[in-house]
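Q: One structure is given below, represented as structure tokens, and several questions about it will come after.
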2 protein chains.
Amino acid sequence: MPKDKLKIHFATTNRSKFLEAQSVMKEYGIRLIFLGKKGLEIQSDNLEEIAKQSAIASSTDMRISTIAEDAGLFIDPLRGFPGPYSSFVFRTLGCDGILKLLKGSHNRKARFVSAVAYCDPLHLPICFSAVSEGFVGTGTRGTSGFGFDPIFIPLENGKKTFAEMSSIEKNRYSHRARAFRKFGKWSIRSKP
Amino acid sequence: MPKDKLKIHFATTNRSKFLEAQSVMKEYGIRLIFLGKKGLEIQSDNLEEIAKQSAIASSTDMRISTIAEDAGLFIDPLRGFPGPYSSFVFRTLGCDGILKLLKGSHNRKARFVSAVAYCDPLHLPICFSAVSEGFVGTGTRGTSGFGFDPIFIPLENGKKTFAEMSSIEKNRYSHRARAFRKFGKWSIRSKP
């Protein structure tokens, strides 16, 4: 089957996340489709476990092949907070809450982690993880992206926050783009 | 069946939580047994949903009647944070993190909520919720209890934190004791 015909449903409700992943998947000739809903997510400190269970749930419910992604910002001086619960923490505390928690802290080391799980109704899920190492800035900067993008500066760039980058530039450094590229390479090898 | 013979397994890994619930259940002639493990918990803003799914999971896995409880501290000026993720937030930020987030805030209104779900392998779960209204103090006080007890002052007492109370006194005001009492009353009526 030619790769440019491959369609996969992305079980997410987050359109910004979808658009980032979609542009990466195009590099591999995969057409990603926005599902607008996602499978149940479990509580766990392990993003891969959350993504895999969610992919199983959506794939089983809808009887189609799906991708689920779970991502989180893990901040070293906050012992990995907000981690797997980044979405809830963004909705309640926002970027300002994180900045308040880090006030006076010299150590601002953090990493964004993404786990992309692919599942079809007949097989166990397969998962690809990737990391973007960086640090939390001292204020919010930029309006692109979503979530904690305005406070996260990837080490490889070292200056701009994710929210100050175009989507193309963000995809050069981002955890999500890297995890989706791992999936893309696997899909070319194994033709899901 | 005489009520003093009724045994129910409490699917929890938290021994402090178990001891609180056990002393309340004695009032209803129910012997609560510590299970030392719990069913998978889902991510949700709804404690009842989390408790019910967890009770279903443990009851189905072990083929016994189980109780699962989910509880959280919902802080008004933090838009309900840490809510359903109180356990993770306690492990990462602790009481000091909450106090830092509330620094300078006059509004410190908060509530502890508990949802107790009972499930047997043949029926759908039934859930009982209860609340303890109060506020977050300006520092930590007391060493009893667990979790956010040293910063939570129930309105009905208005002075002591939960961690400054004996377990008997805490059970007079606490969300958990109230939810377990609702379950106890139901169990007397319906003999599970």
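Chains: A, B, ... in order of the structure tokens. Residues: from 1 per chain. Ligands: from 1, in order shown.
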Sorted by chain and rising residue number, which residues of chain A lie within 12 Å of chain B, and what are their closest atom pairs and distances in Å to one decimal, counting only C-alpha atoms, as CSV?
A:
```
residue,atom,partner,partner_atom,distance
A:Gly39,CA,B:Ile42,CA,10.6
A:Leu40,CA,B:Ile42,CA,6.9
A:Glu41,CA,B:Gln43,CA,5.4
A:Ile42,CA,B:Ile42,CA,3.9
A:Gln43,CA,B:Ile42,CA,5.2
A:Ser44,CA,B:Glu41,CA,8.2
A:Asp45,CA,B:Phe88,CA,8.6
A:Glu49,CA,B:Leu40,CA,11.5
A:Ile50,CA,B:Ile42,CA,9.5
A:Gln53,CA,B:Ile42,CA,10.3
A:Ser54,CA,B:Ile42,CA,10.2
A:Ala57,CA,B:Ile42,CA,11.9
A:Phe74,CA,B:Thr92,CA,10.7
A:Ile75,CA,B:Thr92,CA,10.0
A:Asp76,CA,B:Thr92,CA,10.1
A:Pro77,CA,B:Thr92,CA,9.4
A:Leu78,CA,B:Thr92,CA,6.1
A:Arg79,CA,B:Thr92,CA,5.2
A:Gly80,CA,B:Thr92,CA,6.9
A:Phe81,CA,B:Thr92,CA,5.9
A:Pro82,CA,B:Val89,CA,8.0
A:Gly83,CA,B:Phe88,CA,9.5
A:Pro84,CA,B:Phe88,CA,9.6
A:Tyr85,CA,B:Tyr85,CA,7.7
A:Ser86,CA,B:Tyr85,CA,10.8
A:Ser87,CA,B:Gln43,CA,10.8
A:Phe88,CA,B:Phe81,CA,8.3
A:Val89,CA,B:Phe81,CA,7.4
A:Phe90,CA,B:Phe81,CA,10.2
A:Arg91,CA,B:Arg79,CA,8.3
A:Thr92,CA,B:Arg79,CA,5.2
A:Leu93,CA,B:Leu78,CA,6.2
A:Gly94,CA,B:Leu78,CA,9.7
A:Asp96,CA,B:Leu101,CA,9.6
A:Gly97,CA,B:Leu101,CA,6.6
A:Ile98,CA,B:Leu101,CA,8.8
A:Leu99,CA,B:Leu101,CA,9.7
A:Lys100,CA,B:Leu101,CA,6.4
A:Leu101,CA,B:Lys100,CA,6.4
A:Leu102,CA,B:Lys100,CA,9.5
A:Lys103,CA,B:Lys100,CA,9.2
A:Gly104,CA,B:Lys100,CA,11.3
```
Q: Identify, on the basis of only C-alpha atoms, every residue whose closest approach to B:Ile168 does not exceed 12 Å; exclude the query and any residue fewer than 4 positions from it along the same chain; express the result as a list in words.
A: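 Non-adjacent residues within range: Leu19, Glu20, Ala21, Gln22, Ser23, Val24, Ser144, Gly145, Phe162, Ala163, Glu164, Arg172, Tyr173, Ser174 and Ala177 of chain B.
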Q: Using only C-alpha atoms, pick whichever of A:Arg15, A:Lys185, A:Lys160, A:Arg178 has the shortest atom-to-atom distance to A:Ala115.
A: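 Residue with the minimum atom-to-atom distance to A:Ala115: A:Arg178.
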Q: Report as a PyMOL selection string: the residues of stretch 110-180 of chain B with a DSSP assignment of helix (DSSP H, G or I), based on the backbone of this structure.
A: chain B and resi 149-151+162-164+167-173+175-180
Q: Produce a file of the selected residues containing N, CA and C atoms, as a PDB file, in the first residue's frame.
A:
```
ATOM      1  N   ASP B 149      -3.861  17.510  55.627  1.00  0.00           N
ATOM      2  CA  ASP B 149      -4.469  17.760  56.944  1.00  0.00           C
ATOM      3  C   ASP B 149      -3.825  18.926  57.710  1.00  0.00           C
ATOM      4  N   PRO B 150      -2.483  19.122  57.648  1.00  0.00           N
ATOM      5  CA  PRO B 150      -1.885  20.221  58.437  1.00  0.00           C
ATOM      6  C   PRO B 150      -2.237  21.635  57.955  1.00  0.00           C
ATOM      7  N   ILE B 151      -2.879  21.767  56.786  1.00  0.00           N
ATOM      8  CA  ILE B 151      -3.226  23.128  56.334  1.00  0.00           C
ATOM      9  C   ILE B 151      -4.736  23.340  56.219  1.00  0.00           C
ATOM     10  N   PHE B 162      -7.058  19.740  60.648  1.00  0.00           N
ATOM     11  CA  PHE B 162      -7.327  18.304  60.799  1.00  0.00           C
ATOM     12  C   PHE B 162      -6.148  17.608  61.496  1.00  0.00           C
ATOM     13  N   ALA B 163      -4.923  18.094  61.232  1.00  0.00           N
ATOM     14  CA  ALA B 163      -3.734  17.447  61.799  1.00  0.00           C
ATOM     15  C   ALA B 163      -3.541  17.775  63.279  1.00  0.00           C
ATOM     16  N   GLU B 164      -4.323  18.712  63.801  1.00  0.00           N
ATOM     17  CA  GLU B 164      -4.271  19.023  65.233  1.00  0.00           C
ATOM     18  C   GLU B 164      -5.357  18.285  66.010  1.00  0.00           C
ATOM     19  N   SER B 167      -8.122  11.352  65.976  1.00  0.00           N
ATOM     20  CA  SER B 167      -8.892  10.746  64.878  1.00  0.00           C
ATOM     21  C   SER B 167     -10.387  10.796  65.190  1.00  0.00           C
ATOM     22  N   ILE B 168     -10.729  10.704  66.481  1.00  0.00           N
ATOM     23  CA  ILE B 168     -12.151  10.774  66.864  1.00  0.00           C
ATOM     24  C   ILE B 168     -12.717  12.158  66.524  1.00  0.00           C
ATOM     25  N   GLU B 169     -11.923  13.188  66.836  1.00  0.00           N
ATOM     26  CA  GLU B 169     -12.389  14.549  66.558  1.00  0.00           C
ATOM     27  C   GLU B 169     -12.454  14.807  65.044  1.00  0.00           C
ATOM     28  N   LYS B 170     -11.425  14.369  64.332  1.00  0.00           N
ATOM     29  CA  LYS B 170     -11.428  14.559  62.867  1.00  0.00           C
ATOM     30  C   LYS B 170     -12.654  13.890  62.251  1.00  0.00           C
ATOM     31  N   ASN B 171     -12.990  12.687  62.753  1.00  0.00           N
ATOM     32  CA  ASN B 171     -14.131  11.951  62.191  1.00  0.00           C
ATOM     33  C   ASN B 171     -15.474  12.644  62.462  1.00  0.00           C
ATOM     34  N   ARG B 172     -15.458  13.643  63.351  1.00  0.00           N
ATOM     35  CA  ARG B 172     -16.685  14.402  63.607  1.00  0.00           C
ATOM     36  C   ARG B 172     -16.965  15.365  62.433  1.00  0.00           C
ATOM     37  N   TYR B 173     -15.883  15.834  61.808  1.00  0.00           N
ATOM     38  CA  TYR B 173     -16.031  16.860  60.762  1.00  0.00           C
ATOM     39  C   TYR B 173     -15.668  16.381  59.359  1.00  0.00           C
ATOM     40  N   HIS B 175     -14.937  14.873  55.680  1.00  0.00           N
ATOM     41  CA  HIS B 175     -15.575  14.418  54.445  1.00  0.00           C
ATOM     42  C   HIS B 175     -15.620  12.885  54.384  1.00  0.00           C
ATOM     43  N   ARG B 176     -14.472  12.261  54.721  1.00  0.00           N
ATOM     44  CA  ARG B 176     -14.363  10.798  54.613  1.00  0.00           C
ATOM     45  C   ARG B 176     -15.322  10.106  55.590  1.00  0.00           C
ATOM     46  N   ALA B 177     -15.297  10.550  56.861  1.00  0.00           N
ATOM     47  CA  ALA B 177     -16.177   9.935  57.860  1.00  0.00           C
ATOM     48  C   ALA B 177     -17.633  10.090  57.444  1.00  0.00           C
ATOM     49  N   ARG B 178     -17.979  11.274  56.924  1.00  0.00           N
ATOM     50  CA  ARG B 178     -19.370  11.511  56.510  1.00  0.00           C
ATOM     51  C   ARG B 178     -19.787  10.613  55.352  1.00  0.00           C
ATOM     52  N   ALA B 179     -18.897  10.450  54.382  1.00  0.00           N
ATOM     53  CA  ALA B 179     -19.233   9.607  53.232  1.00  0.00           C
ATOM     54  C   ALA B 179     -19.353   8.144  53.690  1.00  0.00           C
ATOM     55  N   PHE B 180     -18.443   7.707  54.569  1.00  0.00           N
ATOM     56  CA  PHE B 180     -18.527   6.320  55.059  1.00  0.00           C
ATOM     57  C   PHE B 180     -19.783   6.125  55.915  1.00  0.00           C
TER      58      PHE B 180
END
```
Q: Counting only C-alpha atoms, which of B:His9, B:Arg141, B:Lys159, B:Arg189 gets nearest to B:Leu32?
A: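 Residue with the minimum atom-to-atom distance to B:Leu32: B:His9.
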Q: If I take atom CA of A:Val116 and atom CA of A:Gly184, how far is one from the other in Å, to one decimal?
A: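 Interatomic distance here is 10.6 Å.
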Q: Work out how far atom CA of B:Phe152 is from atom CA of B:Met165, in Å to one decimal.
A: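 Taking atom CA of B:Met165 and atom CA of B:Phe152, their separation equals 11.2 Å.
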Q: Can you tell me how far atom CA of A:Val113 sits from atom CA of A:Ser132, in Å to one decimal?
A: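 Straight-line distance from atom CA of A:Val113 to atom CA of A:Ser132 works out to 6.5 Å.
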Q: Taking the DSSP assignment computed from this structure's backbone, write out as an NGL selection string all residues of stretch 45-182 of chain B that belong to strand (DSSP E).
A: :B and (66-75 or 82-83 or 109-119 or 126-136 or 152-154)
Q: Between B:Phe135, B:Pro121, B:Thr143, B:Tyr28, which is the closest to B:Ser59 once you count only C-alpha atoms?
A: B:Pro121
Q: Compile the contact shell of A:Leu122 as a short mmCIF file (atom, residue, chain, number, x, y, z; two decimals) with N, CA and C atoms, in the first residue's frame: residues with an atom at most 12 Å away, counting only C-alpha atoms, same-chain residues fewer than 2 positions apart removed.
A:
```cif
data_model
loop_
_atom_site.label_atom_id
_atom_site.label_comp_id
_atom_site.auth_asym_id
_atom_site.auth_seq_id
_atom_site.Cartn_x
_atom_site.Cartn_y
_atom_site.Cartn_z
N ILE A 56 -5.80 1.87 23.52
CA ILE A 56 -6.57 0.62 23.57
C ILE A 56 -8.07 0.95 23.68
N SER A 59 -9.46 2.58 20.44
CA SER A 59 -9.43 1.62 19.33
C SER A 59 -10.50 0.53 19.52
N THR A 60 -10.66 0.07 20.76
CA THR A 60 -11.66 -0.96 21.06
C THR A 60 -13.07 -0.40 20.90
N ARG A 63 -13.48 0.50 17.09
CA ARG A 63 -13.08 -0.56 16.14
C ARG A 63 -12.30 -0.01 14.94
N ILE A 64 -11.40 0.92 15.23
CA ILE A 64 -10.51 1.45 14.19
C ILE A 64 -9.11 1.56 14.79
N SER A 65 -8.11 1.76 13.91
CA SER A 65 -6.76 2.01 14.39
C SER A 65 -6.68 3.45 14.87
N THR A 66 -6.12 3.64 16.06
CA THR A 66 -6.03 5.01 16.58
C THR A 66 -4.65 5.28 17.16
N TYR A 118 0.15 3.78 19.40
CA TYR A 118 -0.65 3.37 18.25
C TYR A 118 -1.29 2.02 18.57
N CYS A 119 -2.57 1.90 18.25
CA CYS A 119 -3.25 0.63 18.55
C CYS A 119 -4.27 0.31 17.46
N ASP A 120 -4.29 -0.92 17.02
CA ASP A 120 -5.39 -1.35 16.15
C ASP A 120 -6.21 -2.38 16.92
N LEU A 124 -1.78 -5.57 20.39
CA LEU A 124 -1.41 -4.75 21.55
C LEU A 124 -0.84 -3.42 21.05
N PRO A 125 -0.96 -2.35 21.84
CA PRO A 125 -0.44 -1.06 21.38
C PRO A 125 1.09 -1.03 21.36
N PRO A 192 1.60 -0.25 9.14
CA PRO A 192 0.50 -0.67 10.01
C PRO A 192 -0.83 -0.78 9.24
#
```
